[in-house]
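Below is one structure; the comments refer to it alone.
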Amino acid sequence: MDFTLNEDQQALQETVRKFAVSELPEIALEIEKTAAPASHDLIKRYAEMGFLGVNLPSELGGLGLSHLDAVLVLEEVAKISPAVAFPIFESCFGPTLAIAHFAPDELKQRIVPKVCAGEMIVAVSMSEPDAGTALTDLTTKVETNGDTVVVNGTKRWCSGAGHADAYVVYCRMSDEPGAKGIGAVLVEKDRAGLSFGKPEYHMGFRGIPSADIYLDKVEVSVENIVVPAGGFRQLMEAFDLERCGNTTMSLAIAQSALDYVLDYVQDRKQFGKAVVDFQAVQLQIAEMKMQVDASRLLLYRAVVNASQGLPSVADSSIAKCFANEMVRDVTGKALQLMGGYGYSTEYPIEQKMRDGWGWGIAGGTIDIQKINIAAAMVGRRFQQR
Ligand SMILES: Cc1cc2nc3c(=O)[nH]c(=O)nc-3n(C[C@H](O)[C@H](O)[C@H](O)COP(=O)(O)OP(=O)(O)OC[C@H]3O[C@@H](n4cnc5c(N)ncnc54)[C@H](O)[C@@H]3O)c2cc1C
């Protein structure tokens with residue numbers, strides 16, 4: 001087993017790191033201040049650099065590289081902030097992957113190249129007011145009417161709502177109950193009958209817009225069906241990769257908090273010496289390092305095992321769950337190690353703590369990942385009803 005990145009990967013990581021450190025901090029600060037999402041200019045820039053299609057097939061406009069390569073790119077950008085990294089997360093790990101893997105050819109050809117070129121943002125809309133963890137209770141319904149499908153329902157917590165150009169909407173596509181009746185359809189933003197609720201303000205995630213989506217007799221072509229009824233399993237397989245993107249966001253936030261605080265404890269003096277000279281501080285930074293490294297190895301395992309395919313539910317849930325708990329703990333430790341300065345908005349750590357917390361809710365809560373892990377261990381799903 002080789003734990004080192006090859007030369008190409010090291011070069012890719014270095015290139016993205018240099019770009020991120022020199023060009024993104026100002027933009028990230030502005031986004032944090034205004035809560036305006038990443039601009040189209042920035043998204044175009046990412047597209048020119050290939051960041052939006054790292055692990056998407058070259059026939060569809062991507063770079064055709066591995067999921068690990070996409071992790072490396074996302075991490076370097078997300079160390080600056082999750083909001084500037086969000087377009088990369090959405091294209092390399094989000095709903096575009098479900099389209100690239102499972103949608104009919106025509107839809108793939110129509111959508112994926114545009115995403116890679118920075119001409120289209122696609123968000124995912126699964127959750128509903130009464131269907132969060134119990135996603136298979138969702139009620140948004142699709143009825144087929146000749147060559148069109150008509151979508152009716154209300155969606156909640158969609159990251160990118162209002163900003164994205166199209167939405168992969170999970171919906172009930174047959175009368176079969178539970179997961180069996182669920183499929184997904186791509187709904188473009190400009191469709192008649194689609195509207196958005198008021199902007200939601202989260203504790204963190206500024207610059208990643210969130211809102212309800214109302215679908216009132218929205219008509220789209222049958223060619224927009226991503227997967228038909230019965231395709232829930234495929235959607236979840238693609239979601240196993242989204243979990244790895246979520247893990248990367250958590251890891252990047254934690255790594256950047258650790259990097260920051262490591263400098264801080266060497267600079268900050270109390271009792272006439274750097275605070276890193278106190279053993280209690282040494283123990284904290286050693287623990288943070290172990291947590292971050294362990295998280296990185298779990299993530300790399302999940303994406304490397306997946307190769308060009310999709311990760312297993314066990315590998316991706318373990319990686320996500322560990323990283324989600326780890327980032328809360330590591331950013332909390334970093335904040336504490338900076339005393340009053342950690343708690344001040346003049347310094348970056350309180351934002352990292354707020355941003356870090358959300359990943360353990362988004363993409364399925366920490367506890368439901370643990371249930372997935374236990375199910376994989378015993379080889380059967382546990383009945384939640
Ligand atoms: C920052 C952020 C971004 C998001 N982005 C999106 C998005 O882009 N698209 C989208 O569709 N959704 C998105 N979501 C929604 C997210 O997927 C849901 O919030 C999440 O699945 C939990 O659902 P809920 O909020 O309804 O909580 P609930 O399901 O009501 O859960 C409440 C609590 O009960 C626990 N619980 C529930 N059922 C069980 C069980 N069977 N066993 C153990 N514990 C259980 C949960 O772990 C949780 O602690 C986002 C959420 C956040 C916070």
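Going by the structure tokens order, chains are called A, B, ..., each with residues numbered from 1, while ligands are numbered from 1 in the order shown.
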Segment 100-156 of chain A near segment 34-53 of chain A within 8 Å: what's each residue's closest atom pair and its distance in Å to one decimal, counting only C-alpha atoms, ordered by chain then ascending residue number, as a tab-separated table?
```
residue	atom	partner	partner_atom	distance
A:Val115	CA	A:Leu52	CA	7.0
A:Cys116	CA	A:Gly53	CA	4.9
A:Ala117	CA	A:Ala47	CA	5.1
A:Gly118	CA	A:Lys44	CA	5.0
A:Glu119	CA	A:Lys44	CA	7.5
```
Which of segment 152-359 of chain A counts as strand (DSSP E) under DSSP, as a PyMOL selection string please? chain A and resi 152-159+166-172+182-188+194-196+210-221+225-227+269-270+273-274
How close does segment 176-247 of chain A get to segment 129-138 of chain A? List, as JSON lines, each residue of segment 176-247 of chain A within 12 Å, its nearest atom pair and the distance in Å to one decimal, counting only C-alpha atoms.
```
{"residue": "A:Glu176", "atom": "CA", "partner": "A:Thr136", "partner_atom": "CA", "distance": 11.2}
{"residue": "A:Pro177", "atom": "CA", "partner": "A:Thr136", "partner_atom": "CA", "distance": 8.5}
{"residue": "A:Gly178", "atom": "CA", "partner": "A:Thr136", "partner_atom": "CA", "distance": 5.1}
{"residue": "A:Ala179", "atom": "CA", "partner": "A:Thr136", "partner_atom": "CA", "distance": 5.2}
{"residue": "A:Lys180", "atom": "CA", "partner": "A:Thr136", "partner_atom": "CA", "distance": 8.8}
{"residue": "A:Gly181", "atom": "CA", "partner": "A:Thr136", "partner_atom": "CA", "distance": 8.9}
{"residue": "A:Ile182", "atom": "CA", "partner": "A:Thr136", "partner_atom": "CA", "distance": 7.6}
{"residue": "A:Gly183", "atom": "CA", "partner": "A:Thr136", "partner_atom": "CA", "distance": 10.7}
{"residue": "A:Ala184", "atom": "CA", "partner": "A:Leu138", "partner_atom": "CA", "distance": 11.7}
{"residue": "A:Ala211", "atom": "CA", "partner": "A:Pro129", "partner_atom": "CA", "distance": 11.6}
{"residue": "A:Asp212", "atom": "CA", "partner": "A:Pro129", "partner_atom": "CA", "distance": 8.9}
{"residue": "A:Ile213", "atom": "CA", "partner": "A:Pro129", "partner_atom": "CA", "distance": 10.7}
{"residue": "A:Tyr214", "atom": "CA", "partner": "A:Pro129", "partner_atom": "CA", "distance": 11.5}
{"residue": "A:Gly230", "atom": "CA", "partner": "A:Thr136", "partner_atom": "CA", "distance": 11.8}
{"residue": "A:Phe232", "atom": "CA", "partner": "A:Thr136", "partner_atom": "CA", "distance": 9.0}
{"residue": "A:Arg233", "atom": "CA", "partner": "A:Thr136", "partner_atom": "CA", "distance": 11.2}
{"residue": "A:Leu235", "atom": "CA", "partner": "A:Leu135", "partner_atom": "CA", "distance": 12.0}
{"residue": "A:Met236", "atom": "CA", "partner": "A:Leu135", "partner_atom": "CA", "distance": 11.0}
```
Pick out the residues sitting within 9 Å of Thr140 of chain A, and hand them over as a VMD selection string; count only C-alpha atoms, and ignore anything fewer than 6 positions along from it in its own chain. chain A and resid 128 151 to 155 169 to 173 215
Which residues sit within 8 Å of ligand 1, counting only C-alpha atoms and all ligand atoms, listed as a PyMOL selection string? chain A and resi 123-135+155-160+202+204-205+210+358-368+371+384-385
Segment 240-247 of chain A surroundings by only C-alpha atoms, 7 Å radius, close-in-sequence under 4 positions cut, as a short mmCIF file (atom, residue, chain, number, x, y, z; two decimals) with N, CA and C atoms, in the first residue's frame:
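File written: selection14.cif
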```cif
data_model
loop_
_atom_site.label_atom_id
_atom_site.label_comp_id
_atom_site.auth_asym_id
_atom_site.auth_seq_id
_atom_site.Cartn_x
_atom_site.Cartn_y
_atom_site.Cartn_z
N PHE A 89 -17.33 21.61 -5.28
CA PHE A 89 -18.04 20.54 -4.56
C PHE A 89 -19.26 20.09 -5.37
N PHE A 93 -18.61 16.50 -6.96
CA PHE A 93 -19.12 15.52 -5.98
C PHE A 93 -20.64 15.53 -5.87
N GLY A 94 -21.27 16.56 -6.44
CA GLY A 94 -22.71 16.73 -6.22
C GLY A 94 -23.57 16.08 -7.29
N MET A 236 -28.59 7.06 -4.41
CA MET A 236 -27.82 6.91 -3.16
C MET A 236 -26.38 6.50 -3.44
N LEU A 251 -12.63 18.12 6.28
CA LEU A 251 -11.18 17.95 6.45
C LEU A 251 -10.44 19.26 6.17
N LEU A 299 -10.71 9.19 4.20
CA LEU A 299 -11.23 9.78 2.95
C LEU A 299 -10.50 9.19 1.75
N LEU A 310 -17.98 4.40 -8.00
CA LEU A 310 -18.49 5.17 -6.86
C LEU A 310 -18.09 4.46 -5.57
N PRO A 311 -17.85 5.22 -4.49
CA PRO A 311 -17.40 4.59 -3.24
C PRO A 311 -18.48 3.72 -2.61
N SER A 312 -18.06 2.86 -1.70
CA SER A 312 -19.05 2.04 -1.00
C SER A 312 -19.71 2.89 0.07
N VAL A 313 -20.92 2.47 0.44
CA VAL A 313 -21.65 3.21 1.48
C VAL A 313 -20.88 3.15 2.80
N SER A 316 -17.67 5.47 2.58
CA SER A 316 -17.99 6.90 2.53
C SER A 316 -18.67 7.36 3.82
N SER A 317 -19.50 6.50 4.41
CA SER A 317 -20.15 6.91 5.67
C SER A 317 -19.14 7.01 6.81
N ALA A 319 -15.94 7.68 6.51
CA ALA A 319 -15.12 8.87 6.27
C ALA A 319 -15.88 10.14 6.65
N LYS A 320 -17.15 10.21 6.21
CA LYS A 320 -17.94 11.42 6.47
C LYS A 320 -18.18 11.61 7.97
N ALA A 323 -15.05 12.59 9.85
CA ALA A 323 -14.63 13.97 9.52
C ALA A 323 -15.59 14.99 10.12
N ASN A 324 -16.89 14.69 10.11
CA ASN A 324 -17.90 15.62 10.65
C ASN A 324 -17.71 15.82 12.15
N TRP A 359 -21.54 20.52 8.24
CA TRP A 359 -21.32 19.32 7.39
C TRP A 359 -21.82 18.05 8.06
N GLY A 363 -26.09 16.45 3.98
CA GLY A 363 -25.69 15.16 3.41
C GLY A 363 -25.99 13.98 4.31
#
```
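Between Phe19 of chain A and the residues A:Gln109, A:Met338, A:Gly62, A:Glu76, the shortest atom-to-atom distance, using only C-alpha atoms, involves A:Glu76.
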For a quick check of understanding, using only C-alpha atoms, which of A:Glu223, A:Asp105, A:Glu14, A:Glu32 has the smallest distance to Glu75 of chain A?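 So, comparing all the options, the nearest one is A:Glu14.
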